[in-house]
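Engineer: Hey, dropping protein26.csv in here, CSV, C-alpha atoms:
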chain,number,residue,atom,x,y,z
A,1,MET,CA,-2.4,12.2,17.6
A,2,THR,CA,-3.4,15.0,15.3
A,3,SER,CA,-4.7,14.9,11.8
A,4,ALA,CA,-1.3,16.3,10.6
A,5,GLU,CA,0.5,13.3,12.2
A,6,HIS,CA,-1.8,11.0,10.2
A,7,GLU,CA,-0.6,12.8,7.1
A,8,LEU,CA,2.9,11.7,8.0
A,9,GLY,CA,1.9,8.1,7.6
A,10,LEU,CA,0.7,7.1,11.1
A,11,PRO,CA,-2.3,4.8,11.0
A,12,ARG,CA,-5.9,5.9,11.4
A,13,ASN,CA,-8.2,4.1,13.6
A,14,PHE,CA,-11.6,4.1,11.9
A,15,ALA,CA,-15.0,3.2,13.5
A,16,LYS,CA,-18.5,3.7,12.2
A,17,ALA,CA,-20.2,6.7,13.8
A,18,VAL,CA,-22.6,9.6,12.9
A,19,PRO,CA,-20.5,12.8,13.2
A,20,ASP,CA,-21.9,15.8,15.1
A,21,GLY,CA,-24.5,17.7,12.9
A,22,ASP,CA,-24.7,14.8,10.4
A,23,THR,CA,-27.4,12.2,9.8
A,24,ILE,CA,-25.4,9.5,8.0
A,25,ILE,CA,-23.0,6.8,9.4
A,26,ARG,CA,-19.4,7.6,8.3
A,27,ASP,CA,-15.9,6.2,9.0
A,28,VAL,CA,-14.6,8.3,11.9
A,29,CYS,CA,-11.0,8.0,13.3
A,30,GLU,CA,-11.4,7.3,17.0
A,31,THR,CA,-8.0,8.9,17.7
A,32,CYS,CA,-8.3,12.3,16.0
A,33,GLY,CA,-11.9,12.6,14.9
A,34,PHE,CA,-11.1,12.7,11.2
A,35,VAL,CA,-14.2,11.8,9.1
A,36,ALA,CA,-13.5,9.8,5.9
A,37,TYR,CA,-16.5,11.1,4.0
A,38,GLN,CA,-17.4,8.8,1.0
A,39,ASN,CA,-18.9,11.0,-1.7
A,40,PRO,CA,-19.6,10.3,-5.4
A,41,LYS,CA,-16.7,10.9,-7.7
A,42,VAL,CA,-16.7,13.1,-10.8
A,43,VAL,CA,-15.9,11.5,-14.2
A,44,VAL,CA,-15.3,14.1,-16.9
A,45,GLY,CA,-15.3,13.2,-20.6
A,46,ALA,CA,-16.4,14.3,-24.1
A,47,VAL,CA,-17.9,13.2,-27.4
A,48,ILE,CA,-15.1,14.5,-29.6
A,49,HIS,CA,-16.0,15.1,-33.2
A,50,ARG,CA,-14.4,16.2,-36.4
A,51,GLU,CA,-16.0,16.2,-39.9
A,52,ASP,CA,-19.0,14.1,-38.9
A,53,LYS,CA,-16.8,11.5,-37.2
A,54,VAL,CA,-16.5,10.8,-33.4
A,55,ILE,CA,-13.5,9.5,-31.4
A,56,LEU,CA,-13.7,6.2,-29.7
A,57,CYS,CA,-10.9,4.5,-27.7
A,58,ARG,CA,-10.6,0.7,-27.2
A,59,ARG,CA,-9.9,0.2,-23.6
A,60,ALA,CA,-6.5,-1.4,-22.6
A,61,ILE,CA,-7.5,-1.6,-18.9
A,62,GLU,CA,-10.2,-3.2,-16.8
A,63,PRO,CA,-13.1,-2.8,-16.3
A,64,ARG,CA,-14.3,-3.6,-19.9
A,65,ALA,CA,-10.8,-4.0,-21.5
A,66,GLY,CA,-11.2,-4.5,-25.3
A,67,PHE,CA,-14.4,-2.5,-25.4
A,68,TRP,CA,-14.9,1.0,-26.9
A,69,THR,CA,-15.4,4.2,-24.9
A,70,VAL,CA,-15.3,8.0,-25.3
A,71,PRO,CA,-12.3,9.6,-23.6
A,72,ALA,CA,-13.3,10.1,-19.9
A,73,GLY,CA,-11.9,9.6,-16.5
A,74,TYR,CA,-11.8,10.9,-12.9
A,75,LEU,CA,-11.4,14.6,-12.3
A,76,GLU,CA,-8.3,15.3,-10.2
A,77,VAL,CA,-7.9,17.7,-7.3
A,78,GLY,CA,-6.7,21.1,-8.6
A,79,GLU,CA,-8.1,21.0,-12.1
A,80,THR,CA,-11.3,22.4,-13.5
A,81,VAL,CA,-13.9,20.3,-15.2
A,82,ALA,CA,-12.8,21.6,-18.6
A,83,GLU,CA,-9.1,21.0,-17.8
A,84,GLY,CA,-9.8,17.4,-16.7
A,85,THR,CA,-11.9,16.8,-19.8
A,86,MET,CA,-9.1,18.1,-22.1
A,87,ARG,CA,-6.5,16.1,-20.1
A,88,GLU,CA,-8.4,12.8,-20.5
A,89,ALA,CA,-8.8,13.5,-24.3
A,90,ARG,CA,-5.0,14.0,-24.5
A,91,GLU,CA,-4.1,11.0,-22.3
A,92,GLU,CA,-6.4,8.4,-23.8
A,93,ALA,CA,-6.7,9.6,-27.4
A,94,GLY,CA,-3.7,11.9,-28.0
A,95,ALA,CA,-6.4,14.5,-28.9
A,96,THR,CA,-6.3,18.3,-28.7
A,97,THR,CA,-9.8,19.5,-28.1
A,98,ILE,CA,-11.9,22.6,-28.0
A,99,ILE,CA,-14.8,22.2,-25.6
A,100,GLU,CA,-18.1,23.5,-27.2
A,101,ASN,CA,-20.8,22.5,-24.7
A,102,VAL,CA,-21.9,20.6,-21.7
A,103,LEU,CA,-23.8,17.7,-23.2
A,104,ALA,CA,-25.0,15.7,-20.1
A,105,ILE,CA,-24.8,15.1,-16.4
A,106,TYR,CA,-25.3,11.4,-15.7
A,107,THR,CA,-25.5,10.0,-12.2
A,108,ILE,CA,-24.5,6.4,-11.9
A,109,PRO,CA,-25.6,5.7,-8.3
A,110,HIS,CA,-24.5,2.0,-8.0
A,111,VAL,CA,-20.8,3.1,-8.7
A,112,ALA,CA,-21.2,6.5,-7.0
A,113,GLN,CA,-20.2,8.4,-10.0
A,114,VAL,CA,-21.3,11.7,-11.6
A,115,HIS,CA,-20.4,11.9,-15.3
A,116,ILE,CA,-20.1,15.3,-16.8
A,117,MET,CA,-20.0,14.8,-20.5
A,118,HIS,CA,-19.1,17.5,-23.1
A,119,VAL,CA,-19.2,18.1,-26.8
A,120,ALA,CA,-15.7,18.9,-28.0
A,121,ARG,CA,-14.1,19.5,-31.4
A,122,LEU,CA,-10.9,17.8,-32.4
A,123,ASP,CA,-8.4,20.4,-33.6
A,124,PRO,CA,-5.9,19.6,-35.1
A,125,PRO,CA,-7.0,16.2,-36.5
A,126,GLN,CA,-4.2,14.1,-35.1
A,127,ILE,CA,-5.0,11.3,-32.6
A,128,HIS,CA,-3.0,8.4,-31.1
A,129,ALA,CA,-3.7,5.7,-28.5
A,130,GLY,CA,-2.4,6.6,-25.0
A,131,PRO,CA,-1.3,3.9,-22.5
A,132,GLU,CA,-4.9,3.2,-21.4
A,133,SER,CA,-6.1,2.6,-25.0
A,134,LEU,CA,-5.4,-0.3,-27.3
A,135,GLU,CA,-6.4,1.8,-30.3
A,136,VAL,CA,-8.2,5.0,-31.0
A,137,LYS,CA,-10.3,5.8,-34.1
A,138,LEU,CA,-12.5,8.4,-35.7
A,139,PHE,CA,-15.8,6.6,-36.5
A,140,GLU,CA,-18.4,7.6,-39.0
A,141,TRP,CA,-21.8,7.4,-37.3
A,142,ASP,CA,-22.9,4.2,-39.0
A,143,GLN,CA,-19.6,2.5,-38.3
A,144,ILE,CA,-19.8,2.9,-34.5
A,145,PRO,CA,-19.4,-0.6,-32.8
A,146,TRP,CA,-22.6,-0.3,-30.8
A,147,SER,CA,-22.5,-3.9,-29.5
A,148,GLU,CA,-18.9,-3.4,-28.3
A,149,LEU,CA,-19.3,-0.2,-26.2
A,150,ALA,CA,-17.8,-0.4,-22.7
A,151,PHE,CA,-20.6,1.2,-20.7
A,152,PRO,CA,-24.2,2.2,-21.1
A,153,SER,CA,-23.2,5.8,-20.5
A,154,VAL,CA,-21.1,5.7,-23.7
A,155,ARG,CA,-24.2,4.9,-25.7
A,156,TRP,CA,-26.2,7.6,-23.9
A,157,ALA,CA,-23.6,10.2,-24.7
A,158,LEU,CA,-23.3,9.2,-28.3
A,159,MET,CA,-27.2,9.2,-28.7
A,160,HIS,CA,-27.5,12.5,-26.9
A,161,PHE,CA,-24.8,14.0,-29.0
A,162,LYS,CA,-26.6,12.9,-32.2
A,163,MET,CA,-29.8,14.5,-31.0
A,164,VAL,CA,-28.3,18.0,-30.6
A,165,LYS,CA,-25.5,17.9,-33.2
A,166,GLY,CA,-24.9,21.4,-34.6
A,167,ARG,CA,-27.1,23.1,-32.1
A,168,ARG,CA,-25.5,25.9,-30.1
A,169,THR,CA,-27.9,25.6,-27.1
A,170,PHE,CA,-29.9,22.7,-25.7
A,171,PRO,CA,-30.9,21.6,-22.2
A,172,VAL,CA,-28.3,19.4,-20.5
A,173,PHE,CA,-29.3,15.7,-20.7
A,174,THR,CA,-29.4,13.4,-17.6
A,175,SER,CA,-29.4,9.6,-17.3
A,176,PRO,CA,-32.2,7.9,-19.0
A,177,PRO,CA,-34.6,6.0,-16.7
A,178,PRO,CA,-33.4,2.4,-15.9
A,179,GLY,CA,-34.5,-0.4,-18.2
B,180,MET,CA,-5.1,-8.3,6.3
B,181,THR,CA,-7.7,-7.8,3.6
B,182,SER,CA,-9.6,-4.8,2.5
B,183,ALA,CA,-12.7,-6.5,4.0
B,184,GLU,CA,-11.1,-6.7,7.4
B,185,HIS,CA,-10.4,-2.9,7.3
B,186,GLU,CA,-14.1,-2.5,6.8
B,187,LEU,CA,-14.5,-4.2,10.2
B,188,GLY,CA,-12.6,-1.4,11.8
B,189,LEU,CA,-9.0,-2.5,11.8
B,190,PRO,CA,-6.6,0.3,11.1
B,191,ARG,CA,-5.2,1.2,7.7
B,192,ASN,CA,-1.5,1.8,7.4
B,193,PHE,CA,-1.1,4.6,4.8
B,194,ALA,CA,2.0,5.7,3.1
B,195,LYS,CA,2.6,8.0,0.1
B,196,ALA,CA,3.1,6.0,-3.2
B,197,VAL,CA,2.2,6.1,-6.9
B,198,PRO,CA,-0.1,3.1,-7.5
B,199,ASP,CA,0.6,0.9,-10.6
B,200,GLY,CA,-0.7,2.5,-13.8
B,201,ASP,CA,-1.1,5.9,-12.1
B,202,THR,CA,0.9,9.1,-12.4
B,203,ILE,CA,0.0,10.8,-9.1
B,204,ILE,CA,1.1,10.3,-5.5
B,205,ARG,CA,-1.7,8.8,-3.4
B,206,ASP,CA,-2.2,7.5,0.1
B,207,VAL,CA,-1.8,3.7,-0.2
B,208,CYS,CA,-2.3,1.2,2.6
B,209,GLU,CA,1.0,-0.7,3.0
B,210,THR,CA,-0.9,-3.7,4.5
B,211,CYS,CA,-3.6,-4.3,1.9
B,212,GLY,CA,-2.9,-2.0,-1.1
B,213,PHE,CA,-6.1,0.0,-0.6
B,214,VAL,CA,-5.7,3.4,-2.4
B,215,ALA,CA,-7.4,6.4,-0.7
B,216,TYR,CA,-8.0,8.5,-3.8
B,217,GLN,CA,-8.7,12.1,-3.0
B,218,ASN,CA,-11.0,13.5,-5.7
B,219,PRO,CA,-13.1,16.6,-5.9
B,220,LYS,CA,-16.5,16.5,-4.3
B,221,VAL,CA,-19.8,17.4,-5.9
B,222,VAL,CA,-21.9,20.2,-4.4
B,223,VAL,CA,-25.5,20.3,-5.7
B,224,GLY,CA,-27.8,23.2,-5.4
B,225,ALA,CA,-30.3,25.5,-7.0
B,226,VAL,CA,-31.5,29.0,-7.5
B,227,ILE,CA,-35.1,28.4,-6.5
B,228,HIS,CA,-37.6,31.0,-7.7
B,229,ARG,CA,-41.3,31.8,-7.3
B,230,GLU,CA,-43.1,34.8,-8.7
B,231,ASP,CA,-39.9,36.8,-9.4
B,232,LYS,CA,-38.4,36.1,-6.0
B,233,VAL,CA,-35.5,33.8,-5.1
B,234,ILE,CA,-34.9,31.8,-2.0
B,235,LEU,CA,-31.9,32.5,0.2
B,236,CYS,CA,-31.0,30.9,3.5
B,237,ARG,CA,-28.9,32.5,6.2
B,238,ARG,CA,-26.3,30.0,7.3
B,239,ALA,CA,-26.5,28.6,10.9
B,240,ILE,CA,-23.2,26.8,10.5
B,241,GLU,CA,-19.6,27.5,9.6
B,242,PRO,CA,-18.1,28.4,7.3
B,243,ARG,CA,-19.7,31.8,6.8
B,244,ALA,CA,-22.3,31.4,9.5
B,245,GLY,CA,-24.7,34.4,9.4
B,246,PHE,CA,-24.3,34.9,5.6
B,247,TRP,CA,-26.8,34.2,2.9
B,248,THR,CA,-26.6,31.3,0.4
B,249,VAL,CA,-28.8,29.3,-2.0
B,250,PRO,CA,-29.7,25.8,-0.8
B,251,ALA,CA,-26.7,23.6,-1.7
B,252,GLY,CA,-24.6,20.8,-0.2
B,253,TYR,CA,-22.6,17.7,-0.8
B,254,LEU,CA,-24.1,15.0,-3.0
B,255,GLU,CA,-24.3,11.7,-1.1
B,256,VAL,CA,-23.6,8.2,-2.3
B,257,GLY,CA,-26.7,6.5,-3.8
B,258,GLU,CA,-28.6,9.6,-4.9
B,259,THR,CA,-28.8,11.3,-8.3
B,260,VAL,CA,-27.8,14.9,-8.8
B,261,ALA,CA,-31.4,15.9,-9.1
B,262,GLU,CA,-32.4,14.0,-5.9
B,263,GLY,CA,-29.5,15.6,-4.0
B,264,THR,CA,-30.5,19.1,-5.2
B,265,MET,CA,-34.1,18.5,-4.1
B,266,ARG,CA,-32.9,17.1,-0.7
B,267,GLU,CA,-30.8,20.1,0.0
B,268,ALA,CA,-33.7,22.4,-0.8
B,269,ARG,CA,-35.9,20.5,1.6
B,270,GLU,CA,-33.3,20.3,4.4
B,271,GLU,CA,-32.1,23.9,4.3
B,272,ALA,CA,-35.2,25.8,3.2
B,273,GLY,CA,-38.1,23.4,3.8
B,274,ALA,CA,-38.7,23.9,0.0
B,275,THR,CA,-40.4,21.5,-2.4
B,276,THR,CA,-38.9,22.1,-5.8
B,277,ILE,CA,-39.3,21.3,-9.5
B,278,ILE,CA,-36.0,21.3,-11.2
B,279,GLU,CA,-36.2,23.1,-14.5
B,280,ASN,CA,-32.6,23.4,-15.9
B,281,VAL,CA,-28.9,22.9,-15.2
B,282,LEU,CA,-27.7,26.5,-14.7
B,283,ALA,CA,-24.0,26.1,-14.2
B,284,ILE,CA,-21.0,23.9,-13.4
B,285,TYR,CA,-18.5,25.8,-11.3
B,286,THR,CA,-15.2,24.3,-10.4
B,287,ILE,CA,-13.6,25.6,-7.2
B,288,PRO,CA,-10.2,24.1,-7.4
B,289,HIS,CA,-8.8,25.5,-4.1
B,290,VAL,CA,-11.5,23.6,-2.1
B,291,ALA,CA,-11.6,20.7,-4.6
B,292,GLN,CA,-15.3,21.1,-5.3
B,293,VAL,CA,-17.5,20.9,-8.4
B,294,HIS,CA,-20.8,22.8,-7.9
B,295,ILE,CA,-23.7,21.7,-10.1
B,296,MET,CA,-26.2,24.5,-9.9
B,297,HIS,CA,-29.8,24.3,-11.1
B,298,VAL,CA,-32.8,26.5,-11.8
B,299,ALA,CA,-35.7,25.2,-9.8
B,300,ARG,CA,-39.3,26.4,-9.1
B,301,LEU,CA,-40.7,26.5,-5.6
B,302,ASP,CA,-44.1,24.6,-5.6
B,303,PRO,CA,-46.0,24.8,-3.3
B,304,PRO,CA,-44.9,28.2,-1.9
B,305,GLN,CA,-44.2,27.2,1.7
B,306,ILE,CA,-40.6,27.5,3.1
B,307,HIS,CA,-39.1,27.2,6.5
B,308,ALA,CA,-35.6,27.2,8.0
B,309,GLY,CA,-34.0,23.8,8.5
B,310,PRO,CA,-31.4,23.1,11.2
B,311,GLU,CA,-28.5,24.5,9.1
B,312,SER,CA,-30.3,27.8,8.4
B,313,LEU,CA,-31.0,30.7,10.8
B,314,GLU,CA,-33.7,32.0,8.5
B,315,VAL,CA,-35.0,31.5,5.0
B,316,LYS,CA,-36.6,34.1,2.8
B,317,LEU,CA,-38.0,34.8,-0.7
B,318,PHE,CA,-36.2,37.9,-1.9
B,319,GLU,CA,-37.2,40.3,-4.6
B,320,TRP,CA,-34.2,40.8,-6.9
B,321,ASP,CA,-33.4,44.3,-5.7
B,322,GLN,CA,-33.7,43.2,-2.0
B,323,ILE,CA,-30.9,40.6,-2.3
B,324,PRO,CA,-28.3,41.2,0.4
B,325,TRP,CA,-25.3,41.2,-2.1
B,326,SER,CA,-22.8,42.3,0.5
B,327,GLU,CA,-23.8,39.5,2.8
B,328,LEU,CA,-23.6,36.5,0.5
B,329,ALA,CA,-21.7,33.5,1.9
B,330,PHE,CA,-19.6,32.6,-1.1
B,331,PRO,CA,-18.6,34.0,-4.6
B,332,SER,CA,-20.4,31.1,-6.2
B,333,VAL,CA,-23.7,32.2,-4.7
B,334,ARG,CA,-23.3,35.6,-6.5
B,335,TRP,CA,-22.3,33.8,-9.7
B,336,ALA,CA,-25.4,31.6,-9.6
B,337,LEU,CA,-27.7,34.5,-8.9
B,338,MET,CA,-26.2,36.6,-11.8
B,339,HIS,CA,-26.3,33.7,-14.2
B,340,PHE,CA,-29.9,32.9,-13.2
B,341,LYS,CA,-30.8,36.6,-14.0
B,342,MET,CA,-29.1,36.3,-17.4
B,343,VAL,CA,-31.2,33.4,-18.6
B,344,LYS,CA,-34.4,33.9,-16.6
B,345,GLY,CA,-37.4,32.6,-18.5
B,346,ARG,CA,-35.3,31.0,-21.3
B,347,ARG,CA,-35.9,27.3,-21.8
B,348,THR,CA,-32.4,26.5,-23.2
B,349,PHE,CA,-29.1,28.2,-22.7
B,350,PRO,CA,-25.5,27.0,-22.6
B,351,VAL,CA,-24.4,25.9,-19.1
B,352,PHE,CA,-22.3,28.5,-17.3
B,353,THR,CA,-18.9,27.8,-15.8
B,354,SER,CA,-16.9,29.7,-13.2
B,355,PRO,CA,-16.0,33.2,-14.2
B,356,PRO,CA,-12.3,33.9,-14.6
B,357,PRO,CA,-10.5,34.8,-11.3
B,358,GLY,CA,-10.3,38.5,-10.3
Give the structure from this file in structure tokens form.
Structural biologist:
Amino acid sequence: MTSAEHELGLPRNFAKAVPDGDTIIRDVCETCGFVAYQNPKVVVGAVIHREDKVILCRRAIEPRAGFWTVPAGYLEVGETVAEGTMREAREEAGATTIIENVLAIYTIPHVAQVHIMHVARLDPPQIHAGPESLEVKLFEWDQIPWSELAFPSVRWALMHFKMVKGRRTFPVFTSPPPG
Amino acid sequence: MTSAEHELGLPRNFAKAVPDGDTIIRDVCETCGFVAYQNPKVVVGAVIHREDKVILCRRAIEPRAGFWTVPAGYLEVGETVAEGTMREAREEAGATTIIENVLAIYTIPHVAQVHIMHVARLDPPQIHAGPESLEVKLFEWDQIPWSELAFPSVRWALMHFKMVKGRRTFPVFTSPPPG
């Protein structure tokens, strides 16, 4: 059976093995040799601002339904990091954005994710909740619902945004140390 | 059959379908509902410098065996972007590195890769070729074998490094437009 036949829907027959030239145990198909590499996934998103306010979306879906997040989601095959970031802003917040900077690259090892977060400007000012959001709002800084944020990385992104607001260049932030 | 049983090595039975709440056709196991999402993979690497020289490795493996590259490779589950970058430098060039900056985030859509490239300093100065390299060398800028570089992204990273050399902060570069 060839890899192409698997693509037609025939089952793969995975066993644990270290592929030739590798050092890590992977899922390898015993029929065709296909290796199902598990690698971290890329999440792309942005702190989107307009007139000193930032966009947050209240999540309609698990995990953390009902909690607030910045627009972000998995990068898809065939799109650039910038395109994925703008797509998520459109899908989750109905927002048209201009990407200004890369803000941070956070690694979240326990969920095998790399978050590439941007600073983006909302233009024009219209927003609306997409199917994955219960509501979407532009928040003044002191109105941000800090205790109802969905993930630590949302808080990191907002704090890092605040630190460099208005600056054209700055070093890209990374995940704060645990604790 | 449950997803846990698949982990024990029983075959999955994939068919093409759009999962609930999704908009894209995925490989879905008809037995247990497992979705084999295909997402872009993260390549981490660095332009590693010491005393106005940069490290290049001549590839021992395909693709582009015999051509020169900067140390870079797939990020693995459980490591941070910085850890993966330092691991690749160690594996491919025998290099101990101090990461100084994020240089660029290149999206290569046709191979579904996101390259996160850094500027790093070699310290101490020792290098040696790892199993994936035929040789490894510190090149003066005007000795770089431009016509024998393995990938366009290697040239981009070197040129972008040259543009910001010695600067502490700069905006992160992205892929140049095609052509």
Engineer: Could you jot down the CA of Ala104 (chain A) to CA of Leu134 (chain A) separation for me, Å, one decimal place?
Structural biologist: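 Separation of CA of Ala104 (chain A) and CA of Leu134 (chain A): 26.3 Å.
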Engineer: Could you list, as JSON, numbers by chain, the residues of chain B having an atom within 10 Å of chain A when counting all atoms listed in the file?
Structural biologist: {"B": [185, 186, 187, 188, 189, 190, 191, 192, 193, 194, 195, 200, 203, 206, 207, 208, 209, 215, 216, 217, 218, 219, 220, 221, 240, 253, 254, 255, 256, 257, 258, 259, 260, 261, 279, 280, 281, 282, 283, 284, 285, 286, 287, 288, 289, 290, 291, 292, 293, 295, 310, 311, 347, 348, 349, 350, 351, 352, 353, 354]}
Engineer: What gap, in Å, lies between CA of Phe161 (chain A) and CA of Val44 (chain A)?
Structural biologist: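 Between these atoms lies a distance of 15.4 Å.
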Engineer: Take CA of Gly45 (chain A) and CA of Leu158 (chain A) and report the distance between them in Å, one decimal.
Structural biologist: 11.8 Å
Engineer: Give me, as JSON, numbers by chain, all polymer residues having an atom no more than 12 Å from Pro145 (chain A), counting all atoms listed in the file and skipping those fewer than 6 positions away in the same chain.
Structural biologist: {"A": [54, 55, 56, 57, 58, 66, 67, 68, 69, 137, 138, 139, 154, 155, 158]}
Engineer: Just checking: using only C-alpha atoms, which residue out of A:Ala17, A:Val47, A:Ala120, A:Met86 ends up closest to Lys162 (chain A)?
Structural biologist: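 Among the listed residues, the smallest separation from Lys162 (chain A) belongs to A:Val47.
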Engineer: Quick one: residues within 7 Å of (-8.3, 8.0, -21.9) (file frame), counting all atoms listed in the file, please, as a PyMOL selection string.
Structural biologist: chain A and resi 71-73+88-89+91-93+130+132-133
Engineer: Export, as a short mmCIF file (atom, residue, chain, number, x, y, z; two decimals), in the coordinates of the input, the selected residues with C-alpha atoms.
Structural biologist:
data_model
loop_
_atom_site.label_atom_id
_atom_site.label_comp_id
_atom_site.auth_asym_id
_atom_site.auth_seq_id
_atom_site.Cartn_x
_atom_site.Cartn_y
_atom_site.Cartn_z
CA PRO A 71 -12.30 9.60 -23.60
CA ALA A 72 -13.30 10.10 -19.90
CA GLY A 73 -11.90 9.60 -16.50
CA GLU A 88 -8.40 12.80 -20.50
CA ALA A 89 -8.80 13.50 -24.30
CA GLU A 91 -4.10 11.00 -22.30
CA GLU A 92 -6.40 8.40 -23.80
CA ALA A 93 -6.70 9.60 -27.40
CA GLY A 130 -2.40 6.60 -25.00
CA GLU A 132 -4.90 3.20 -21.40
CA SER A 133 -6.10 2.60 -25.00
#
Engineer: For Ile99 (chain A), which residue among A:His160, A:Phe151, A:Arg64, A:Ile48 is the nearest when counting only C-alpha atoms?
Structural biologist: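 Using only C-alpha atoms, Ile99 (chain A) sits closest to A:Ile48.
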Engineer: For a quick check of understanding, using all atoms listed in the file, which of B:Leu301, B:Val197, B:Val222, B:Leu328 has the smallest distance to Gly273 (chain B)?
Structural biologist: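 That would be B:Leu301, the residue with the smallest distance to Gly273 (chain B).
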Engineer: Check the smallest atom-to-atom distance from each of A:Glu135, A:Thr97, A:Trp156, A:Gln143 to Ala60 (chain A) using all atoms listed in the file, then report the winner.
Structural biologist: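 For Ala60 (chain A), the nearest of the given residues is A:Glu135.
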Engineer: Kindly output region 143-154 of chain A as a short mmCIF file (atom, residue, chain, number, x, y, z; two decimals), keeping the file's coordinate frame, after building N, CA and C atoms.
Structural biologist:
data_model
loop_
_atom_site.label_atom_id
_atom_site.label_comp_id
_atom_site.auth_asym_id
_atom_site.auth_seq_id
_atom_site.Cartn_x
_atom_site.Cartn_y
_atom_site.Cartn_z
N GLN A 143 -20.62 3.47 -38.52
CA GLN A 143 -19.60 2.50 -38.30
C GLN A 143 -19.32 2.27 -36.79
N ILE A 144 -20.03 3.00 -35.94
CA ILE A 144 -19.80 2.90 -34.50
C ILE A 144 -20.12 1.44 -34.02
N PRO A 145 -19.21 0.81 -33.28
CA PRO A 145 -19.40 -0.60 -32.80
C PRO A 145 -20.35 -0.63 -31.62
N TRP A 146 -21.66 -0.44 -31.87
CA TRP A 146 -22.60 -0.30 -30.80
C TRP A 146 -22.65 -1.49 -29.83
N SER A 147 -22.41 -2.68 -30.34
CA SER A 147 -22.50 -3.90 -29.50
C SER A 147 -21.18 -4.07 -28.69
N GLU A 148 -20.18 -3.24 -28.97
CA GLU A 148 -18.90 -3.40 -28.30
C GLU A 148 -18.55 -2.12 -27.48
N LEU A 149 -19.57 -1.38 -27.07
CA LEU A 149 -19.30 -0.20 -26.20
C LEU A 149 -19.09 -0.65 -24.79
N ALA A 150 -18.21 0.07 -24.08
CA ALA A 150 -17.80 -0.40 -22.70
C ALA A 150 -18.87 -0.22 -21.68
N PHE A 151 -19.64 0.86 -21.75
CA PHE A 151 -20.60 1.20 -20.70
C PHE A 151 -21.86 1.76 -21.27
N PRO A 152 -23.00 1.58 -20.60
CA PRO A 152 -24.20 2.20 -21.10
C PRO A 152 -24.08 3.74 -21.26
N SER A 153 -23.31 4.37 -20.39
CA SER A 153 -23.20 5.80 -20.50
C SER A 153 -22.49 6.28 -21.75
N VAL A 154 -21.69 5.40 -22.37
CA VAL A 154 -21.10 5.70 -23.70
C VAL A 154 -22.14 5.82 -24.74
#
